[in-house]
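Just below is one structure, and these are the notes that go with it.
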Amino acid sequence: MHSLLVLSHRRGVVVGLLAAACRAGGGGPRVELPPPAPAPGDTTCILAHGRATARDTLTLAVFDPVAAAHAPLPRNEGERLVFGQLYESLIRLDCQGRPLPGLAKSWEEASDRWAFTLRDNARFWDGAPVTARDVLASWRVRDPALAQGAVVTDDHTLTVPAAGNPFQRFADQVLAVTKAAPGGGGAWPIGTGDYWVTSGDPEALVAQPMRSGRPALKIVTAPASASRDALDAGADLLVTDDPATLEYARTLAGYTDLPLDWSRTYVLLAPGRDKALAGDLRLETLQEAVRRDARPAEWSGNGHYWFSDLSSCGLLPVRDTLGAAGRRRRIVYNQSDRSAADVAARLVGLGALGRGAVAAGVPPAAFESSLRAGGDAAYVLELPRRVYDACRAAVGLPAWGAAGTVEPLLDVRAHAIVRRGLPRMALDWDGTLRLAPP
Amino acid sequence: MTFRARLLLGFGAVVLVPLTVFGLRIRVVMANRLTGEYQQRVTALVSVIRADLDQRSAGIALRLAALRDAIPRDNRFRAALQGGERTYLLDYAGDAMQLAGLSLLQIQDETGRIVSSGHFRNEYDQSDPALPRLLAAAPAGTALVEARGAEAPFLALARVDSLRLGGRRFTLVGGVAVDSSFLARLTPDSELTVAIALPPDTAFGADPATQVVSAVAVPFVTSGDSARLVPARIVVSHSLSSLVALRRGVALSFLVAVLVTGLIALLLASWLSTRISRPLTALAAKTADVDMDRLDVAFDSDRSDEIGALTRLLGAMTERLRAGAARLREAERRLAMGDLARQVNHDIKNGLIPIRNVFRHFGQAAGESPDRLAAAFRDRQATVESSISYLETLASNYARLYPQPVRESCDVNAVVRDTISRVSDTGQAELRLELADGLAPARTDALVLRRILDNLIGNALDSLAARAGRVTVTTEANGQAGVRVTVADTGNGMTKDELNRAFDDFYTTKPGGTGLGLSIVRRLVLDANGALRVETRPGAGSTFIVELPVGRT
């Protein structure tokens, strides 16, 4: 028997039991077909910023460290922007969740299996053609279970069981196809994307296009506090949520402020069912508490937040041994996340957990362990608003989450500051910006 | 109490008592002087803190007044209040607080709603009208407040001011944090401690026994729904730890001094008392040996002190006792000889009177009728023989008064065993022997010793008067130069009068007794250069102790 994490309109509590886990199979689960691909010429997910002008080099300013060792799976926004240009999965999902060709040019569902056909001209950075076996070898490293069920039909075709593998998963960067660089060690893994890294200087990476007609990319890493300096230094593109930078950029005639999708959500996660949390906290005033572009958490359109219903993931409920009395009356947050600090402070200001409760910022590592232990009354943390695989993402939540309370608080988004005349950019489902083909 | 104990106590009293009194007095004087000095420092610091609080309060008032003037001039703030840039409004107090050098700044509207908060930005829109109202009511307009913070509440010294903007009234609550650094700045040295005592703990935990304490009263605005103005205190205390340490050091030094002095006094008193009491003890032991039968104890001393004089006095006294004892013995002997002569005279006369009467009868018969002489002889022969027998017995008895002892080595235990073996009838009495092993031979005649024992054991058995009882004969060494034979019985014992006459000739309490037994025993013992003592109590029996010299002839 498994607990079920269910959210009501704004507040989620454990209300039921899971009858069966979708991952466990059984009974022949129905294969959910992907939505139709966008029609040619659909610019819904294309960021437009004026007519593109030819240029040799584009300078991207990022404010997080970019490490080759993490490739191709990004761990911060900077790596998301950079890795999005270097590596590709079988497919992409546009900002509406519609599939687009990636390394695979086509796909179909047959006999409960997904069949992918690779692009004919797919090449690694070293010029070697990408085969279905290369895809399988890459998956074996990062998702052995998936690789075990995959079957290579020929050099350009492989099939994967549809059961337990939502189609959207194949857009996940974790399944990006790479192979080890000859140098090994800290070298960048060889990918199949539109750009390849030619300079390993972590302060200023240079990525050259795989095809002519595109500008080279120069990636400059700077501290977040220097984002305005990056603009002054001539950066062509940067992604930021700093209101001062956005305000400054708006004063610069050569730049355009492009709001990206609401990509992250701040949630309040509590191990128990604290009644003080369930009170009327006027959460609609939360967005004023943070110093960034935010809105009250809401899920528009179909579906719901991925963390609001993990019933199919088979999360095992963990018995609450501490109880409310055994927990510190603190709202804990990662002290490196200023917005989380603001949200926690506002919750305290609103009287969440009652008088005497405090907010407590802890270092990232300590926050992680504290969250796992569940020794505090509540936690404020930021979760991706969209994930390719909810069950895989749920692994990052604490085990007690299935028996606790989760409260979506705020949706936040970043802005792209783009120099006018830059090539078009496409926005993916997970918020990744990619330079679109000319 | 022994002389030695008295000497030790005397030394202790003379040496230790003044030392202890001296130490205690020093401790008291030192404590009074230092405590007074501490009290002066605490009082001075309290005055400084009062002045400092006034100064800080004035500083806060000045900064709030500056803000009061600046806010109406800020059009952005004015516009934000009208629904404009909300973020500017929320951040205003934080920026202003930093620029003004305050730790607490809160801007409330006329309803008590927090418009902007510098120390806790995200408490906006919360209502806290009591805080400015209570601050305004505080004496001198300044009070301690427990300000809310996101991470933790903190204590602040705060004031309130107000301004009018757009026809509305706003209050400014500003203050400085009263934290450890605030208190540290008030503390001139490490021995003085400044702490805040907030209600309900106004009974600050400073122990007057260990600290010198004084306090400054400060109003305090309590937090919570029932906020009110209550007194709090800034407590200044001076630790007495240095005084305690000093006291402890002095006490330790005095303790060491007392111990060392006491030890020296003990050793000195012990040496002195030993030096004094040893000759006294020896003198007492010698004196204990003195007895009417042991007057040969020598009391010689070359000492020129009181002990020497006492020894010589005792020697002279013993010498006089010896002379007196000799005269007494001679008088006794003469008296005894007189008694004896009278007794002999009486006894012989008693024996001779019948014989003289018989011979008168014979003379009468021979003169009147000689033929009846033979018949008279036959009639009176028995009388004559009886008288002669009486005289012979009498002679024999007197002869026993003057034996002729032979001085030779004598195995005392063997003689005791031999004597006991010849006791034919002990009646119901138990006869017990307790003989010491390895006893040196006594220098006396075995026959004399046997006669002594015969008499004493016989008397002891007789004293039981055929009752059940016990007679114990014990032998033991009497020091290096003697042997002691004890005959103890559980018989009738003797009264004091009986004891005084026990050794007189012919004195007896036994029916048919001659009264010569103990007299003979006494003479035999003395002739053997021995001593005879008696311990007796009526009804509890008697113990005869015979001490004989040892050694070969």
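Here's how to read the names in the structure tokens: chain A, B, ... by the order shown, residue numbers from 1 in each chain, ligand numbers from 1 in the order shown.
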Report as a ChimeraX atom specification: the residues of segment 55-273 of chain B with a DSSP assignment of strand (DSSP E), based on the backbone of this structure.
/B:104-108,114-117,143-147,154-165,168-177,192-197,211-221,229-239
What does the file look like for those residues with C-alpha atoms, as an mmCIF file, in the first residue's frame?
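Written output follows (again39.cif):
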```
data_model
loop_
_atom_site.group_PDB
_atom_site.id
_atom_site.type_symbol
_atom_site.label_atom_id
_atom_site.label_comp_id
_atom_site.auth_asym_id
_atom_site.auth_seq_id
_atom_site.Cartn_x
_atom_site.Cartn_y
_atom_site.Cartn_z
ATOM 1 C CA LEU B 104 14.699 49.049 14.365
ATOM 2 C CA LEU B 105 12.400 51.132 12.240
ATOM 3 C CA GLN B 106 8.730 50.651 11.690
ATOM 4 C CA ILE B 107 6.307 52.943 9.929
ATOM 5 C CA GLN B 108 2.678 52.507 10.897
ATOM 6 C CA ILE B 114 2.672 48.315 9.472
ATOM 7 C CA VAL B 115 3.322 50.128 6.240
ATOM 8 C CA SER B 116 7.032 49.467 6.099
ATOM 9 C CA SER B 117 9.422 47.742 8.422
ATOM 10 C CA ALA B 143 11.514 51.941 26.469
ATOM 11 C CA LEU B 144 12.928 48.543 25.803
ATOM 12 C CA VAL B 145 10.903 46.580 23.262
ATOM 13 C CA GLU B 146 11.112 43.026 22.030
ATOM 14 C CA ALA B 147 11.062 43.566 18.303
ATOM 15 C CA PHE B 154 15.587 41.001 19.429
ATOM 16 C CA LEU B 155 15.660 43.574 22.168
ATOM 17 C CA ALA B 156 15.833 47.255 21.281
ATOM 18 C CA LEU B 157 15.819 50.608 22.974
ATOM 19 C CA ALA B 158 13.099 52.459 21.105
ATOM 20 C CA ARG B 159 11.270 55.751 20.805
ATOM 21 C CA VAL B 160 8.300 56.887 18.808
ATOM 22 C CA ASP B 161 7.676 59.883 16.582
ATOM 23 C CA SER B 162 4.931 60.794 14.175
ATOM 24 C CA LEU B 163 4.288 62.737 10.998
ATOM 25 C CA ARG B 164 1.388 63.745 8.834
ATOM 26 C CA LEU B 165 1.356 62.904 5.166
ATOM 27 C CA ARG B 168 -2.950 60.848 7.308
ATOM 28 C CA ARG B 169 -0.980 60.374 10.457
ATOM 29 C CA PHE B 170 1.936 57.960 10.487
ATOM 30 C CA THR B 171 4.022 56.865 13.431
ATOM 31 C CA LEU B 172 7.686 56.082 13.332
ATOM 32 C CA VAL B 173 9.062 53.581 15.805
ATOM 33 C CA GLY B 174 12.843 53.576 15.794
ATOM 34 C CA GLY B 175 15.486 52.155 18.014
ATOM 35 C CA VAL B 176 18.871 50.613 18.487
ATOM 36 C CA ALA B 177 19.486 46.983 19.285
ATOM 37 C CA LEU B 192 31.704 44.149 35.829
ATOM 38 C CA THR B 193 28.712 42.571 34.151
ATOM 39 C CA VAL B 194 25.777 44.368 32.640
ATOM 40 C CA ALA B 195 22.664 42.329 31.925
ATOM 41 C CA ILE B 196 19.053 42.926 31.126
ATOM 42 C CA ALA B 197 16.418 41.548 33.480
ATOM 43 C CA GLN B 211 28.047 39.539 43.407
ATOM 44 C CA VAL B 212 27.714 43.187 44.180
ATOM 45 C CA VAL B 213 24.533 44.249 42.404
ATOM 46 C CA SER B 214 22.816 47.446 41.410
ATOM 47 C CA ALA B 215 20.248 48.194 38.738
ATOM 48 C CA VAL B 216 18.797 50.856 36.473
ATOM 49 C CA ALA B 217 15.037 50.725 35.965
ATOM 50 C CA VAL B 218 13.905 50.888 32.343
ATOM 51 C CA PRO B 219 10.343 50.563 31.041
ATOM 52 C CA PHE B 220 9.714 47.538 28.858
ATOM 53 C CA VAL B 221 6.987 46.988 26.289
ATOM 54 C CA LEU B 229 4.335 48.648 29.785
ATOM 55 C CA VAL B 230 6.161 46.959 32.652
ATOM 56 C CA PRO B 231 9.385 47.749 34.474
ATOM 57 C CA ALA B 232 12.574 46.025 33.447
ATOM 58 C CA ARG B 233 16.056 46.497 34.824
ATOM 59 C CA ILE B 234 19.551 46.875 33.528
ATOM 60 C CA VAL B 235 21.466 45.051 36.182
ATOM 61 C CA VAL B 236 25.071 45.884 36.927
ATOM 62 C CA SER B 237 26.932 43.331 38.950
ATOM 63 C CA HIS B 238 30.470 42.981 40.076
ATOM 64 C CA SER B 239 31.616 39.462 40.571
#
```
Kindly determine which residues of chain A lie within 10 Å of chain B, considering only C-alpha atoms, and give the answer as a list in words.
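So the residues of chain A near chain B are Thr285, Leu286, Glu288, Ala289, Val290, Arg291, Arg330, Ile331, Val332, Ala341, Asp342, Val343, Ala344, Ala345, Arg346, Leu347, Val348, Gly349, Leu350, Gly351, Arg355, Gly356, Ala357, Val358, Ala359, Ala360 and Gly361 of chain A.
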With only C-alpha atoms as the basis for distance, which of A:Arg140, A:Lys105, A:Arg413, A:Arg424 is at the shortest distance from Leu260 of chain A?
A:Arg413
Could you list, as an mmCIF file with N, CA and C atoms, in the first residue's frame, every residue within 10 Å of Arg247 of chain B, counting only C-alpha atoms and ignoring same-chain residues fewer than 2 positions away?
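The new file result_13.cif reads:
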```cif
data_model
loop_
_atom_site.group_PDB
_atom_site.id
_atom_site.type_symbol
_atom_site.label_atom_id
_atom_site.label_comp_id
_atom_site.auth_asym_id
_atom_site.auth_seq_id
_atom_site.Cartn_x
_atom_site.Cartn_y
_atom_site.Cartn_z
ATOM 1 N N LEU B 24 41.192 34.990 60.584
ATOM 2 C CA LEU B 24 39.798 35.380 60.400
ATOM 3 C C LEU B 24 39.656 36.894 60.326
ATOM 4 N N ILE B 26 41.857 39.044 59.297
ATOM 5 C CA ILE B 26 42.378 39.520 58.004
ATOM 6 C C ILE B 26 41.342 39.302 56.910
ATOM 7 N N ARG B 27 40.676 38.138 56.938
ATOM 8 C CA ARG B 27 39.653 37.853 55.927
ATOM 9 C C ARG B 27 38.513 38.876 55.999
ATOM 10 N N VAL B 28 38.078 39.168 57.169
ATOM 11 C CA VAL B 28 36.954 40.102 57.328
ATOM 12 C C VAL B 28 37.340 41.497 56.830
ATOM 13 N N MET B 30 39.694 42.351 54.766
ATOM 14 C CA MET B 30 39.916 42.316 53.315
ATOM 15 C C MET B 30 38.575 42.313 52.576
ATOM 16 N N ALA B 31 37.625 41.485 53.028
ATOM 17 C CA ALA B 31 36.322 41.397 52.370
ATOM 18 C C ALA B 31 35.592 42.732 52.447
ATOM 19 N N SER B 241 34.157 37.024 42.546
ATOM 20 C CA SER B 241 34.997 35.849 42.350
ATOM 21 C C SER B 241 36.453 36.131 42.735
ATOM 22 N N SER B 242 36.924 37.372 42.425
ATOM 23 C CA SER B 242 38.307 37.672 42.788
ATOM 24 C C SER B 242 38.454 37.719 44.303
ATOM 25 N N LEU B 243 37.398 38.264 44.948
ATOM 26 C CA LEU B 243 37.440 38.287 46.413
ATOM 27 C C LEU B 243 37.385 36.872 46.975
ATOM 28 N N VAL B 244 36.526 36.092 46.348
ATOM 29 C CA VAL B 244 36.418 34.700 46.803
ATOM 30 C C VAL B 244 37.748 33.986 46.610
ATOM 31 N N ALA B 245 38.364 34.252 45.448
ATOM 32 C CA ALA B 245 39.660 33.616 45.180
ATOM 33 C C ALA B 245 40.705 34.090 46.190
ATOM 34 N N GLY B 249 42.639 31.935 48.831
ATOM 35 C CA GLY B 249 44.100 31.904 48.926
ATOM 36 C C GLY B 249 44.574 32.173 50.347
ATOM 37 N N VAL B 250 43.941 33.186 50.961
ATOM 38 C CA VAL B 250 44.326 33.504 52.345
ATOM 39 C C VAL B 250 44.007 32.328 53.262
ATOM 40 N N ALA B 251 42.824 31.768 53.056
ATOM 41 C CA ALA B 251 42.422 30.642 53.901
ATOM 42 C C ALA B 251 43.382 29.476 53.735
ATOM 43 N N LEU B 252 43.777 29.273 52.479
ATOM 44 C CA LEU B 252 44.700 28.168 52.222
ATOM 45 C C LEU B 252 46.050 28.423 52.905
ATOM 46 N N SER B 253 46.515 29.683 52.780
ATOM 47 C CA SER B 253 47.792 30.025 53.403
ATOM 48 C C SER B 253 47.707 29.849 54.918
#
```
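Straight-line separation from atom CA of Val487 of chain B to atom CA of Thr543 of chain B: 5.6 Å.
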As a ChimeraX atom specification, please: every residue in segment 227-475 of chain B that DSSP puts in alpha helix (DSSP H).
/B:241-289,306-368,373-400,412-421,446-463
Segment 243-255 of chain A: which residues within 12 Å, counting only C-alpha atoms, same-chain residues fewer than 5 positions away excluded, as a PyMOL selection string?
(chain A and resi 49-50+224-232+234-238+290-294+339+413-422) or (chain B and resi 87-88)
Selection above as a file: C-alpha atoms, as a PDB file, in the first residue's frame:
```pdb
ATOM      1  CA  HIS A  49      13.279  40.672 -30.424  1.00  0.00           C
ATOM      2  CA  GLY A  50      13.534  42.415 -33.699  1.00  0.00           C
ATOM      3  CA  ALA A 224      25.243  37.532  -9.704  1.00  0.00           C
ATOM      4  CA  SER A 225      25.957  40.891  -8.137  1.00  0.00           C
ATOM      5  CA  ALA A 226      27.802  41.882 -11.310  1.00  0.00           C
ATOM      6  CA  SER A 227      24.942  41.324 -13.742  1.00  0.00           C
ATOM      7  CA  ARG A 228      24.710  45.048 -14.517  1.00  0.00           C
ATOM      8  CA  ASP A 229      28.442  45.089 -15.098  1.00  0.00           C
ATOM      9  CA  ALA A 230      27.933  42.267 -17.601  1.00  0.00           C
ATOM     10  CA  LEU A 231      25.527  44.440 -19.536  1.00  0.00           C
ATOM     11  CA  ASP A 232      27.984  47.301 -19.434  1.00  0.00           C
ATOM     12  CA  GLY A 234      28.562  44.151 -23.762  1.00  0.00           C
ATOM     13  CA  ALA A 235      26.910  40.854 -22.998  1.00  0.00           C
ATOM     14  CA  ASP A 236      24.408  39.899 -25.707  1.00  0.00           C
ATOM     15  CA  LEU A 237      22.268  37.654 -23.616  1.00  0.00           C
ATOM     16  CA  LEU A 238      21.826  37.047 -19.957  1.00  0.00           C
ATOM     17  CA  VAL A 290      10.188  38.590  -2.665  1.00  0.00           C
ATOM     18  CA  ARG A 291      12.357  40.906  -4.676  1.00  0.00           C
ATOM     19  CA  ARG A 292      11.844  39.257  -8.010  1.00  0.00           C
ATOM     20  CA  ASP A 293       9.168  38.627 -10.599  1.00  0.00           C
ATOM     21  CA  ALA A 294       6.644  36.469  -8.788  1.00  0.00           C
ATOM     22  CA  SER A 339      13.727  34.578  -2.261  1.00  0.00           C
ATOM     23  CA  ARG A 413      10.300  33.463 -13.402  1.00  0.00           C
ATOM     24  CA  ALA A 414      13.469  34.862 -14.802  1.00  0.00           C
ATOM     25  CA  HIS A 415      13.920  37.352 -17.602  1.00  0.00           C
ATOM     26  CA  ALA A 416      16.185  37.178 -20.575  1.00  0.00           C
ATOM     27  CA  ILE A 417      17.964  40.441 -21.283  1.00  0.00           C
ATOM     28  CA  VAL A 418      18.651  40.244 -24.969  1.00  0.00           C
ATOM     29  CA  ARG A 419      20.551  42.607 -27.206  1.00  0.00           C
ATOM     30  CA  ARG A 420      18.431  43.725 -30.048  1.00  0.00           C
ATOM     31  CA  GLY A 421      19.176  42.026 -33.375  1.00  0.00           C
ATOM     32  CA  LEU A 422      20.199  38.692 -31.895  1.00  0.00           C
TER      33      LEU A 422
ATOM     34  CA  THR B  87       8.153  47.559  -3.485  1.00  0.00           C
ATOM     35  CA  TYR B  88       9.589  50.986  -2.798  1.00  0.00           C
TER      36      TYR B  88
END
```
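Going from atom CA of Val17 of chain B over to atom CA of Leu34 of chain B, you cover 26.0 Å.
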Please provide as an NGL selection string all residues within 10 Å of Ile71 of chain B, with the sequence filter that same-chain residues fewer than 3 positions apart are discarded (counting only C-alpha atoms).
:B and (66-68 or 74-78 or 92 or 96 or 163-165)
Just-selected residues, N, CA and C atoms written as a short mmCIF file (atom, residue, chain, number, x, y, z; two decimals), in the first residue's frame:
```
data_model
loop_
_atom_site.label_atom_id
_atom_site.label_comp_id
_atom_site.auth_asym_id
_atom_site.auth_seq_id
_atom_site.Cartn_x
_atom_site.Cartn_y
_atom_site.Cartn_z
N ALA B 66 14.70 63.46 11.96
CA ALA B 66 15.21 63.64 10.60
C ALA B 66 14.36 62.88 9.59
N LEU B 67 13.98 61.67 9.96
CA LEU B 67 13.13 60.87 9.07
C LEU B 67 11.75 61.53 8.94
N ARG B 68 11.28 62.04 10.05
CA ARG B 68 9.98 62.70 10.06
C ARG B 68 9.96 63.86 9.07
N ASP B 74 9.70 62.98 0.19
CA ASP B 74 9.96 61.89 -0.75
C ASP B 74 8.70 61.62 -1.57
N ASN B 75 8.67 62.12 -2.77
CA ASN B 75 7.49 61.96 -3.62
C ASN B 75 7.22 60.51 -3.96
N ARG B 76 8.31 59.70 -4.08
CA ARG B 76 8.14 58.29 -4.42
C ARG B 76 7.40 57.58 -3.29
N PHE B 77 7.78 57.94 -2.07
CA PHE B 77 7.11 57.36 -0.91
C PHE B 77 5.63 57.78 -0.91
N ARG B 78 5.44 59.06 -1.19
CA ARG B 78 4.07 59.61 -1.21
C ARG B 78 3.25 58.88 -2.28
N TYR B 92 11.39 50.85 1.91
CA TYR B 92 11.78 52.18 2.36
C TYR B 92 12.36 52.15 3.78
N ALA B 96 16.01 53.35 4.95
CA ALA B 96 16.08 54.48 5.87
C ALA B 96 16.72 54.09 7.19
N LEU B 163 4.31 61.72 12.06
CA LEU B 163 4.29 62.74 11.00
C LEU B 163 2.93 62.68 10.32
N ARG B 164 2.63 63.71 9.60
CA ARG B 164 1.39 63.74 8.83
C ARG B 164 1.75 63.80 7.36
N LEU B 165 1.07 62.99 6.59
CA LEU B 165 1.36 62.90 5.17
C LEU B 165 0.04 62.64 4.44
#
```
Test item: residues at most 7 Å from Thr311 of chain B, only C-alpha atoms, excluding those fewer than 3 positions along its chain, as a list in words:
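Counting only C-alpha atoms, the residues come to Leu283, Phe299, Asp300, Ser301, Ile307, Gly308, Leu314 and Gly315 of chain B.
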